[in-house]
$ cat coords.cif   # mmCIF, N, CA and C atoms
data_input
#
loop_
_atom_site.label_atom_id
_atom_site.label_comp_id
_atom_site.auth_asym_id
_atom_site.auth_seq_id
_atom_site.Cartn_x
_atom_site.Cartn_y
_atom_site.Cartn_z
N ILE A 213 79.92 81.57 102.16
CA ILE A 213 79.62 80.90 100.91
C ILE A 213 78.73 81.78 100.05
N ARG A 214 77.75 82.42 100.66
CA ARG A 214 76.83 83.27 99.89
C ARG A 214 77.56 84.49 99.31
N LEU A 215 78.49 85.07 100.06
CA LEU A 215 79.27 86.20 99.56
C LEU A 215 80.07 85.78 98.33
N LYS A 216 80.66 84.59 98.38
CA LYS A 216 81.43 84.10 97.24
C LYS A 216 80.53 83.93 96.02
N GLU A 217 79.34 83.38 96.20
CA GLU A 217 78.41 83.19 95.09
C GLU A 217 78.01 84.53 94.48
N LEU A 218 77.63 85.47 95.34
CA LEU A 218 77.20 86.78 94.84
C LEU A 218 78.33 87.51 94.13
N CYS A 219 79.50 87.53 94.75
CA CYS A 219 80.62 88.25 94.16
C CYS A 219 81.14 87.57 92.90
N SER A 220 81.02 86.26 92.81
CA SER A 220 81.41 85.56 91.58
C SER A 220 80.55 86.01 90.41
N LEU A 221 79.25 86.15 90.65
CA LEU A 221 78.34 86.64 89.61
C LEU A 221 78.68 88.07 89.21
N ILE A 222 78.96 88.90 90.19
CA ILE A 222 79.31 90.30 89.93
C ILE A 222 80.62 90.38 89.15
N ALA A 223 81.60 89.57 89.54
CA ALA A 223 82.89 89.56 88.84
C ALA A 223 82.74 89.10 87.39
N GLU A 224 81.90 88.10 87.16
CA GLU A 224 81.67 87.62 85.80
C GLU A 224 81.10 88.72 84.91
N LYS A 225 80.26 89.57 85.48
CA LYS A 225 79.64 90.66 84.73
C LYS A 225 80.54 91.89 84.68
N LYS A 226 81.70 91.81 85.33
CA LYS A 226 82.66 92.91 85.40
C LYS A 226 82.03 94.18 85.96
N GLU A 227 81.23 93.99 87.00
CA GLU A 227 80.60 95.11 87.68
C GLU A 227 81.32 95.40 88.98
N LYS A 228 80.95 96.50 89.62
CA LYS A 228 81.57 96.91 90.89
C LYS A 228 80.73 96.39 92.05
N VAL A 229 81.37 96.33 93.20
CA VAL A 229 80.67 95.88 94.40
C VAL A 229 81.12 96.71 95.60
N LEU A 230 80.18 97.00 96.46
CA LEU A 230 80.46 97.62 97.76
C LEU A 230 80.20 96.57 98.82
N VAL A 231 81.14 96.38 99.71
CA VAL A 231 80.96 95.43 100.80
C VAL A 231 81.07 96.19 102.11
N PHE A 232 80.02 96.13 102.90
CA PHE A 232 80.03 96.76 104.22
C PHE A 232 80.19 95.68 105.27
N THR A 233 81.01 95.96 106.25
CA THR A 233 81.17 95.03 107.36
C THR A 233 81.12 95.79 108.67
N GLN A 234 80.67 95.14 109.67
CA GLN A 234 80.58 95.74 110.99
C GLN A 234 81.93 95.70 111.71
N PHE A 235 82.81 94.84 111.26
CA PHE A 235 84.07 94.61 111.98
C PHE A 235 85.27 94.97 111.11
N ARG A 236 85.97 96.03 111.46
CA ARG A 236 87.13 96.49 110.71
C ARG A 236 88.22 95.42 110.68
N GLU A 237 88.27 94.62 111.72
CA GLU A 237 89.33 93.61 111.84
C GLU A 237 89.30 92.57 110.72
N ILE A 238 88.14 92.34 110.10
CA ILE A 238 88.08 91.33 109.04
C ILE A 238 88.31 91.93 107.65
N ILE A 239 88.47 93.25 107.57
CA ILE A 239 88.66 93.89 106.26
C ILE A 239 89.88 93.33 105.53
N PRO A 240 91.05 93.15 106.16
CA PRO A 240 92.18 92.58 105.41
C PRO A 240 91.88 91.19 104.82
N SER A 241 91.21 90.35 105.58
CA SER A 241 90.87 89.01 105.08
C SER A 241 89.86 89.10 103.93
N LEU A 242 88.86 89.95 104.09
CA LEU A 242 87.88 90.14 103.01
C LEU A 242 88.55 90.70 101.77
N SER A 243 89.44 91.64 101.96
CA SER A 243 90.15 92.25 100.84
C SER A 243 90.95 91.21 100.07
N THR A 244 91.67 90.36 100.78
CA THR A 244 92.45 89.30 100.14
C THR A 244 91.53 88.35 99.37
N PHE A 245 90.44 87.93 100.01
CA PHE A 245 89.48 87.03 99.38
C PHE A 245 88.89 87.65 98.11
N LEU A 246 88.45 88.91 98.20
CA LEU A 246 87.81 89.56 97.05
C LEU A 246 88.81 89.90 95.95
N THR A 247 90.04 90.23 96.33
CA THR A 247 91.08 90.47 95.33
C THR A 247 91.32 89.21 94.50
N THR A 248 91.35 88.08 95.16
CA THR A 248 91.51 86.79 94.46
C THR A 248 90.32 86.54 93.54
N LEU A 249 89.14 86.81 94.03
CA LEU A 249 87.92 86.56 93.25
C LEU A 249 87.82 87.47 92.04
N PHE A 250 88.12 88.77 92.22
CA PHE A 250 87.99 89.75 91.14
C PHE A 250 89.24 89.86 90.28
N GLY A 251 90.35 89.34 90.78
CA GLY A 251 91.58 89.39 90.00
C GLY A 251 92.32 90.71 90.05
N ARG A 252 91.90 91.59 90.92
CA ARG A 252 92.59 92.88 91.10
C ARG A 252 92.20 93.46 92.45
N PRO A 253 93.08 94.28 93.01
CA PRO A 253 92.79 94.82 94.34
C PRO A 253 91.74 95.93 94.30
N GLY A 254 91.15 96.18 95.44
CA GLY A 254 90.20 97.27 95.58
C GLY A 254 90.69 98.24 96.63
N LEU A 255 89.82 99.09 97.07
CA LEU A 255 90.16 100.08 98.09
C LEU A 255 89.52 99.71 99.41
N GLU A 256 90.20 100.02 100.48
CA GLU A 256 89.67 99.81 101.83
C GLU A 256 89.40 101.17 102.44
N LEU A 257 88.18 101.41 102.78
CA LEU A 257 87.78 102.69 103.37
C LEU A 257 87.13 102.40 104.70
N HIS A 258 87.70 102.97 105.76
CA HIS A 258 87.18 102.73 107.10
C HIS A 258 87.52 103.92 107.97
N GLY A 259 87.20 103.86 109.22
CA GLY A 259 87.37 104.98 110.13
C GLY A 259 88.79 105.46 110.30
N GLN A 260 89.78 104.64 109.98
CA GLN A 260 91.17 105.07 110.10
C GLN A 260 91.74 105.60 108.79
N THR A 261 90.92 105.64 107.75
CA THR A 261 91.35 106.23 106.48
C THR A 261 91.39 107.74 106.65
N ALA A 262 92.43 108.37 106.14
CA ALA A 262 92.55 109.83 106.23
C ALA A 262 91.35 110.50 105.57
N LYS A 263 90.78 111.48 106.23
CA LYS A 263 89.58 112.14 105.70
C LYS A 263 89.83 112.77 104.33
N ASP A 264 91.04 113.21 104.07
CA ASP A 264 91.36 113.78 102.77
C ASP A 264 91.24 112.75 101.64
N ASP A 265 91.31 111.47 101.99
CA ASP A 265 91.24 110.40 100.99
C ASP A 265 89.81 109.93 100.71
N TYR A 266 88.84 110.29 101.53
CA TYR A 266 87.48 109.81 101.37
C TYR A 266 86.95 110.08 99.96
N PHE A 267 86.96 111.36 99.57
CA PHE A 267 86.38 111.72 98.28
C PHE A 267 87.19 111.11 97.14
N LEU A 268 88.52 111.05 97.28
CA LEU A 268 89.36 110.44 96.27
C LEU A 268 88.98 108.98 96.07
N TYR A 269 88.83 108.24 97.15
CA TYR A 269 88.47 106.82 97.07
C TYR A 269 87.11 106.63 96.41
N VAL A 270 86.15 107.46 96.80
CA VAL A 270 84.81 107.36 96.21
C VAL A 270 84.86 107.69 94.73
N SER A 271 85.64 108.71 94.34
CA SER A 271 85.78 109.09 92.93
C SER A 271 86.38 107.95 92.12
N VAL A 272 87.44 107.36 92.64
CA VAL A 272 88.11 106.24 91.97
C VAL A 272 87.13 105.08 91.80
N TYR A 273 86.35 104.81 92.83
CA TYR A 273 85.35 103.75 92.74
C TYR A 273 84.28 104.08 91.69
N CYS A 274 83.77 105.31 91.70
CA CYS A 274 82.68 105.69 90.81
C CYS A 274 83.09 105.68 89.34
N ILE A 275 84.33 106.05 89.04
CA ILE A 275 84.73 106.06 87.64
C ILE A 275 85.22 104.70 87.16
N GLY A 276 85.24 103.73 88.05
CA GLY A 276 85.51 102.36 87.65
C GLY A 276 86.95 101.91 87.72
N ILE A 277 87.83 102.69 88.33
CA ILE A 277 89.22 102.28 88.44
C ILE A 277 89.36 101.13 89.42
N CYS A 278 88.62 101.16 90.51
CA CYS A 278 88.65 100.04 91.44
C CYS A 278 87.29 99.37 91.41
N ILE A 279 87.26 98.12 91.81
CA ILE A 279 86.03 97.37 91.69
C ILE A 279 85.37 97.03 93.01
N LEU A 280 86.05 97.31 94.11
CA LEU A 280 85.41 97.04 95.38
C LEU A 280 85.87 98.04 96.42
N LEU A 281 85.05 98.22 97.39
CA LEU A 281 85.32 99.19 98.43
C LEU A 281 84.81 98.60 99.73
N LEU A 282 85.66 98.46 100.70
CA LEU A 282 85.29 97.88 101.98
C LEU A 282 85.31 98.96 103.04
N CYS A 283 84.33 98.96 103.91
CA CYS A 283 84.37 99.94 104.98
C CYS A 283 83.59 99.42 106.18
N GLY A 284 83.86 99.99 107.32
CA GLY A 284 83.14 99.62 108.51
C GLY A 284 81.69 100.04 108.39
N LEU A 285 80.80 99.25 108.95
CA LEU A 285 79.38 99.53 108.85
C LEU A 285 79.03 100.90 109.42
N LEU A 286 79.73 101.32 110.45
CA LEU A 286 79.46 102.64 111.03
C LEU A 286 79.85 103.77 110.09
N PHE A 287 80.68 103.48 109.11
CA PHE A 287 81.13 104.47 108.14
C PHE A 287 80.16 104.60 106.97
N GLN A 288 79.20 103.71 106.88
CA GLN A 288 78.26 103.67 105.76
C GLN A 288 77.56 105.00 105.49
N PRO A 289 77.04 105.73 106.48
CA PRO A 289 76.37 107.00 106.17
C PRO A 289 77.30 108.02 105.50
N VAL A 290 78.55 108.07 105.91
CA VAL A 290 79.50 109.00 105.31
C VAL A 290 79.75 108.61 103.86
N LEU A 291 79.93 107.31 103.62
CA LEU A 291 80.16 106.84 102.25
C LEU A 291 78.96 107.14 101.36
N LEU A 292 77.78 106.87 101.84
CA LEU A 292 76.58 107.14 101.05
C LEU A 292 76.44 108.63 100.74
N TYR A 293 76.76 109.48 101.70
CA TYR A 293 76.74 110.93 101.48
C TYR A 293 77.74 111.31 100.38
N LEU A 294 78.95 110.76 100.43
CA LEU A 294 79.96 111.07 99.42
C LEU A 294 79.53 110.57 98.06
N LEU A 295 78.95 109.38 97.99
CA LEU A 295 78.47 108.85 96.72
C LEU A 295 77.37 109.73 96.13
N GLN A 296 76.45 110.16 96.95
CA GLN A 296 75.37 111.04 96.47
C GLN A 296 75.94 112.33 95.92
N ASN A 297 76.87 112.93 96.64
CA ASN A 297 77.46 114.19 96.19
C ASN A 297 78.28 113.99 94.93
N TYR A 298 78.95 112.86 94.81
CA TYR A 298 79.73 112.58 93.61
C TYR A 298 78.81 112.42 92.41
N LEU A 299 77.72 111.69 92.60
CA LEU A 299 76.80 111.44 91.49
C LEU A 299 76.04 112.69 91.08
N VAL A 300 75.82 113.59 92.02
CA VAL A 300 75.10 114.84 91.72
C VAL A 300 76.01 115.81 90.98
N SER A 301 77.29 115.84 91.37
CA SER A 301 78.20 116.82 90.76
C SER A 301 78.72 116.38 89.41
#
$ encode --input "coords.cif" --output "structure tokens"
Amino acid sequence: IRLKELCSLIAEKKEKVLVFTQFREIIPSLSTFLTTLFGRPGLELHGQTAKDDYFLYVSVYCIGICILLLCGLLFQPVLLYLLQNYLVS
């Protein structure tokens, strides 16, 4: 319920959101739920995503083409590193 409240506010402001989860298995359900809430699909980034796609996904997220990005909690340090490098370059 809290996720829905928070994401509803973010969607109203037309801002982006990053959602981290510890369980990759719930990513498809979260993706469906958030796609409905935001009205458009986002990207799913997790340990089974091809490494060549990491920077592409982060770039697409940073320039605003997609509005959400889901990834496994263990993947968080890699994502944060990519975001920092994207923002610096």
$ resolve_selection --input "coords.cif" --expression "the PyMOL selection byres (((chain A and resi 258-274 and name CA) around 10) and name CA)" --output "number ranges by chain"
A: 228-230, 232-233, 235-236, 239, 254-257, 275-288, 290-292, 294-295, 297-299
$ write_last_selection --input "coords.cif" --atoms "N, CA and C atoms" --output "mmCIF file, in the frame of the given file"
data_model
loop_
_atom_site.group_PDB
_atom_site.id
_atom_site.type_symbol
_atom_site.label_atom_id
_atom_site.label_comp_id
_atom_site.auth_asym_id
_atom_site.auth_seq_id
_atom_site.Cartn_x
_atom_site.Cartn_y
_atom_site.Cartn_z
ATOM 1 N N LYS A 228 80.950 96.500 89.620
ATOM 2 C CA LYS A 228 81.570 96.910 90.890
ATOM 3 C C LYS A 228 80.730 96.390 92.050
ATOM 4 N N VAL A 229 81.370 96.330 93.200
ATOM 5 C CA VAL A 229 80.670 95.880 94.400
ATOM 6 C C VAL A 229 81.120 96.710 95.600
ATOM 7 N N LEU A 230 80.180 97.000 96.460
ATOM 8 C CA LEU A 230 80.460 97.620 97.760
ATOM 9 C C LEU A 230 80.200 96.570 98.820
ATOM 10 N N PHE A 232 80.020 96.130 102.900
ATOM 11 C CA PHE A 232 80.030 96.760 104.220
ATOM 12 C C PHE A 232 80.190 95.680 105.270
ATOM 13 N N THR A 233 81.010 95.960 106.250
ATOM 14 C CA THR A 233 81.170 95.030 107.360
ATOM 15 C C THR A 233 81.120 95.790 108.670
ATOM 16 N N PHE A 235 82.810 94.840 111.260
ATOM 17 C CA PHE A 235 84.070 94.610 111.980
ATOM 18 C C PHE A 235 85.270 94.970 111.110
ATOM 19 N N ARG A 236 85.970 96.030 111.460
ATOM 20 C CA ARG A 236 87.130 96.490 110.710
ATOM 21 C C ARG A 236 88.220 95.420 110.680
ATOM 22 N N ILE A 239 88.470 93.250 107.570
ATOM 23 C CA ILE A 239 88.660 93.890 106.260
ATOM 24 C C ILE A 239 89.880 93.330 105.530
ATOM 25 N N GLY A 254 91.150 96.180 95.440
ATOM 26 C CA GLY A 254 90.200 97.270 95.580
ATOM 27 C C GLY A 254 90.690 98.240 96.630
ATOM 28 N N LEU A 255 89.820 99.090 97.070
ATOM 29 C CA LEU A 255 90.160 100.080 98.090
ATOM 30 C C LEU A 255 89.520 99.710 99.410
ATOM 31 N N GLU A 256 90.200 100.020 100.480
ATOM 32 C CA GLU A 256 89.670 99.810 101.830
ATOM 33 C C GLU A 256 89.400 101.170 102.440
ATOM 34 N N LEU A 257 88.180 101.410 102.780
ATOM 35 C CA LEU A 257 87.780 102.690 103.370
ATOM 36 C C LEU A 257 87.130 102.400 104.700
ATOM 37 N N ILE A 275 84.330 106.050 89.040
ATOM 38 C CA ILE A 275 84.730 106.060 87.640
ATOM 39 C C ILE A 275 85.220 104.700 87.160
ATOM 40 N N GLY A 276 85.240 103.730 88.050
ATOM 41 C CA GLY A 276 85.510 102.360 87.650
ATOM 42 C C GLY A 276 86.950 101.910 87.720
ATOM 43 N N ILE A 277 87.830 102.690 88.330
ATOM 44 C CA ILE A 277 89.220 102.280 88.440
ATOM 45 C C ILE A 277 89.360 101.130 89.420
ATOM 46 N N CYS A 278 88.620 101.160 90.510
ATOM 47 C CA CYS A 278 88.650 100.040 91.440
ATOM 48 C C CYS A 278 87.290 99.370 91.410
ATOM 49 N N ILE A 279 87.260 98.120 91.810
ATOM 50 C CA ILE A 279 86.030 97.370 91.690
ATOM 51 C C ILE A 279 85.370 97.030 93.010
ATOM 52 N N LEU A 280 86.050 97.310 94.110
ATOM 53 C CA LEU A 280 85.410 97.040 95.380
ATOM 54 C C LEU A 280 85.870 98.040 96.420
ATOM 55 N N LEU A 281 85.050 98.220 97.390
ATOM 56 C CA LEU A 281 85.320 99.190 98.430
ATOM 57 C C LEU A 281 84.810 98.600 99.730
ATOM 58 N N LEU A 282 85.660 98.460 100.700
ATOM 59 C CA LEU A 282 85.290 97.880 101.980
ATOM 60 C C LEU A 282 85.310 98.960 103.040
ATOM 61 N N CYS A 283 84.330 98.960 103.910
ATOM 62 C CA CYS A 283 84.370 99.940 104.980
ATOM 63 C C CYS A 283 83.590 99.420 106.180
ATOM 64 N N GLY A 284 83.860 99.990 107.320
ATOM 65 C CA GLY A 284 83.140 99.620 108.510
ATOM 66 C C GLY A 284 81.690 100.040 108.390
ATOM 67 N N LEU A 285 80.800 99.250 108.950
ATOM 68 C CA LEU A 285 79.380 99.530 108.850
ATOM 69 C C LEU A 285 79.030 100.900 109.420
ATOM 70 N N LEU A 286 79.730 101.320 110.450
ATOM 71 C CA LEU A 286 79.460 102.640 111.030
ATOM 72 C C LEU A 286 79.850 103.770 110.090
ATOM 73 N N PHE A 287 80.680 103.480 109.110
ATOM 74 C CA PHE A 287 81.130 104.470 108.140
ATOM 75 C C PHE A 287 80.160 104.600 106.970
ATOM 76 N N GLN A 288 79.200 103.710 106.880
ATOM 77 C CA GLN A 288 78.260 103.670 105.760
ATOM 78 C C GLN A 288 77.560 105.000 105.490
ATOM 79 N N VAL A 290 78.550 108.070 105.910
ATOM 80 C CA VAL A 290 79.500 109.000 105.310
ATOM 81 C C VAL A 290 79.750 108.610 103.860
ATOM 82 N N LEU A 291 79.930 107.310 103.620
ATOM 83 C CA LEU A 291 80.160 106.840 102.250
ATOM 84 C C LEU A 291 78.960 107.140 101.360
ATOM 85 N N LEU A 292 77.780 106.870 101.840
ATOM 86 C CA LEU A 292 76.580 107.140 101.050
ATOM 87 C C LEU A 292 76.440 108.630 100.740
ATOM 88 N N LEU A 294 78.950 110.760 100.430
ATOM 89 C CA LEU A 294 79.960 111.070 99.420
ATOM 90 C C LEU A 294 79.530 110.570 98.060
ATOM 91 N N LEU A 295 78.950 109.380 97.990
ATOM 92 C CA LEU A 295 78.470 108.850 96.720
ATOM 93 C C LEU A 295 77.370 109.730 96.130
ATOM 94 N N ASN A 297 76.870 112.930 96.640
ATOM 95 C CA ASN A 297 77.460 114.190 96.190
ATOM 96 C C ASN A 297 78.280 113.990 94.930
ATOM 97 N N TYR A 298 78.950 112.860 94.810
ATOM 98 C CA TYR A 298 79.730 112.580 93.610
ATOM 99 C C TYR A 298 78.810 112.420 92.410
ATOM 100 N N LEU A 299 77.720 111.690 92.600
ATOM 101 C CA LEU A 299 76.800 111.440 91.490
ATOM 102 C C LEU A 299 76.040 112.690 91.080
#
$ atom_distance --input "coords.cif" --atom1 "atom C of Val231 of chain A" --atom2 "atom C of Leu246 of chain A"
11.7 Å
$ select_by_dssp --input "coords.cif" --residues "segment 218-299 of chain A" --states "helix (DSSP H, G or I)" --output "MDAnalysis selection string"
chainID A and resid 218:224 236:250 263:274 285:299
$ atom_distance --input "coords.cif" --atom1 "atom CA of Glu217 of chain A" --atom2 "atom CA of Arg252 of chain A"
17.6 Å
$ atom_distance --input "coords.cif" --atom1 "atom C of Arg214 of chain A" --atom2 "atom N of Pro240 of chain A"
17.4 Å
$ select_by_dssp --input "coords.cif" --residues "chain A" --states "strand (DSSP E or B)" --output "mmCIF file with N, CA and C atoms, in the frame of the given file"
data_model
loop_
_atom_site.group_PDB
_atom_site.id
_atom_site.type_symbol
_atom_site.label_atom_id
_atom_site.label_comp_id
_atom_site.auth_asym_id
_atom_site.auth_seq_id
_atom_site.Cartn_x
_atom_site.Cartn_y
_atom_site.Cartn_z
ATOM 1 N N VAL A 229 81.370 96.330 93.200
ATOM 2 C CA VAL A 229 80.670 95.880 94.400
ATOM 3 C C VAL A 229 81.120 96.710 95.600
ATOM 4 N N LEU A 230 80.180 97.000 96.460
ATOM 5 C CA LEU A 230 80.460 97.620 97.760
ATOM 6 C C LEU A 230 80.200 96.570 98.820
ATOM 7 N N VAL A 231 81.140 96.380 99.710
ATOM 8 C CA VAL A 231 80.960 95.430 100.800
ATOM 9 C C VAL A 231 81.070 96.190 102.110
ATOM 10 N N PHE A 232 80.020 96.130 102.900
ATOM 11 C CA PHE A 232 80.030 96.760 104.220
ATOM 12 C C PHE A 232 80.190 95.680 105.270
ATOM 13 N N THR A 233 81.010 95.960 106.250
ATOM 14 C CA THR A 233 81.170 95.030 107.360
ATOM 15 C C THR A 233 81.120 95.790 108.670
ATOM 16 N N LEU A 255 89.820 99.090 97.070
ATOM 17 C CA LEU A 255 90.160 100.080 98.090
ATOM 18 C C LEU A 255 89.520 99.710 99.410
ATOM 19 N N GLU A 256 90.200 100.020 100.480
ATOM 20 C CA GLU A 256 89.670 99.810 101.830
ATOM 21 C C GLU A 256 89.400 101.170 102.440
ATOM 22 N N LEU A 280 86.050 97.310 94.110
ATOM 23 C CA LEU A 280 85.410 97.040 95.380
ATOM 24 C C LEU A 280 85.870 98.040 96.420
ATOM 25 N N LEU A 281 85.050 98.220 97.390
ATOM 26 C CA LEU A 281 85.320 99.190 98.430
ATOM 27 C C LEU A 281 84.810 98.600 99.730
ATOM 28 N N LEU A 282 85.660 98.460 100.700
ATOM 29 C CA LEU A 282 85.290 97.880 101.980
ATOM 30 C C LEU A 282 85.310 98.960 103.040
ATOM 31 N N CYS A 283 84.330 98.960 103.910
ATOM 32 C CA CYS A 283 84.370 99.940 104.980
ATOM 33 C C CYS A 283 83.590 99.420 106.180
ATOM 34 N N GLY A 284 83.860 99.990 107.320
ATOM 35 C CA GLY A 284 83.140 99.620 108.510
ATOM 36 C C GLY A 284 81.690 100.040 108.390
#
$ axis_aligned_box --input "coords.cif" --around "segment 222-234 of chain A" --padding-each-side "4 Å" --output "JSON"
{"center_x": 80.9, "center_y": 92.6, "center_z": 98.2, "size_x": 11.9, "size_y": 18.0, "size_z": 35.0}
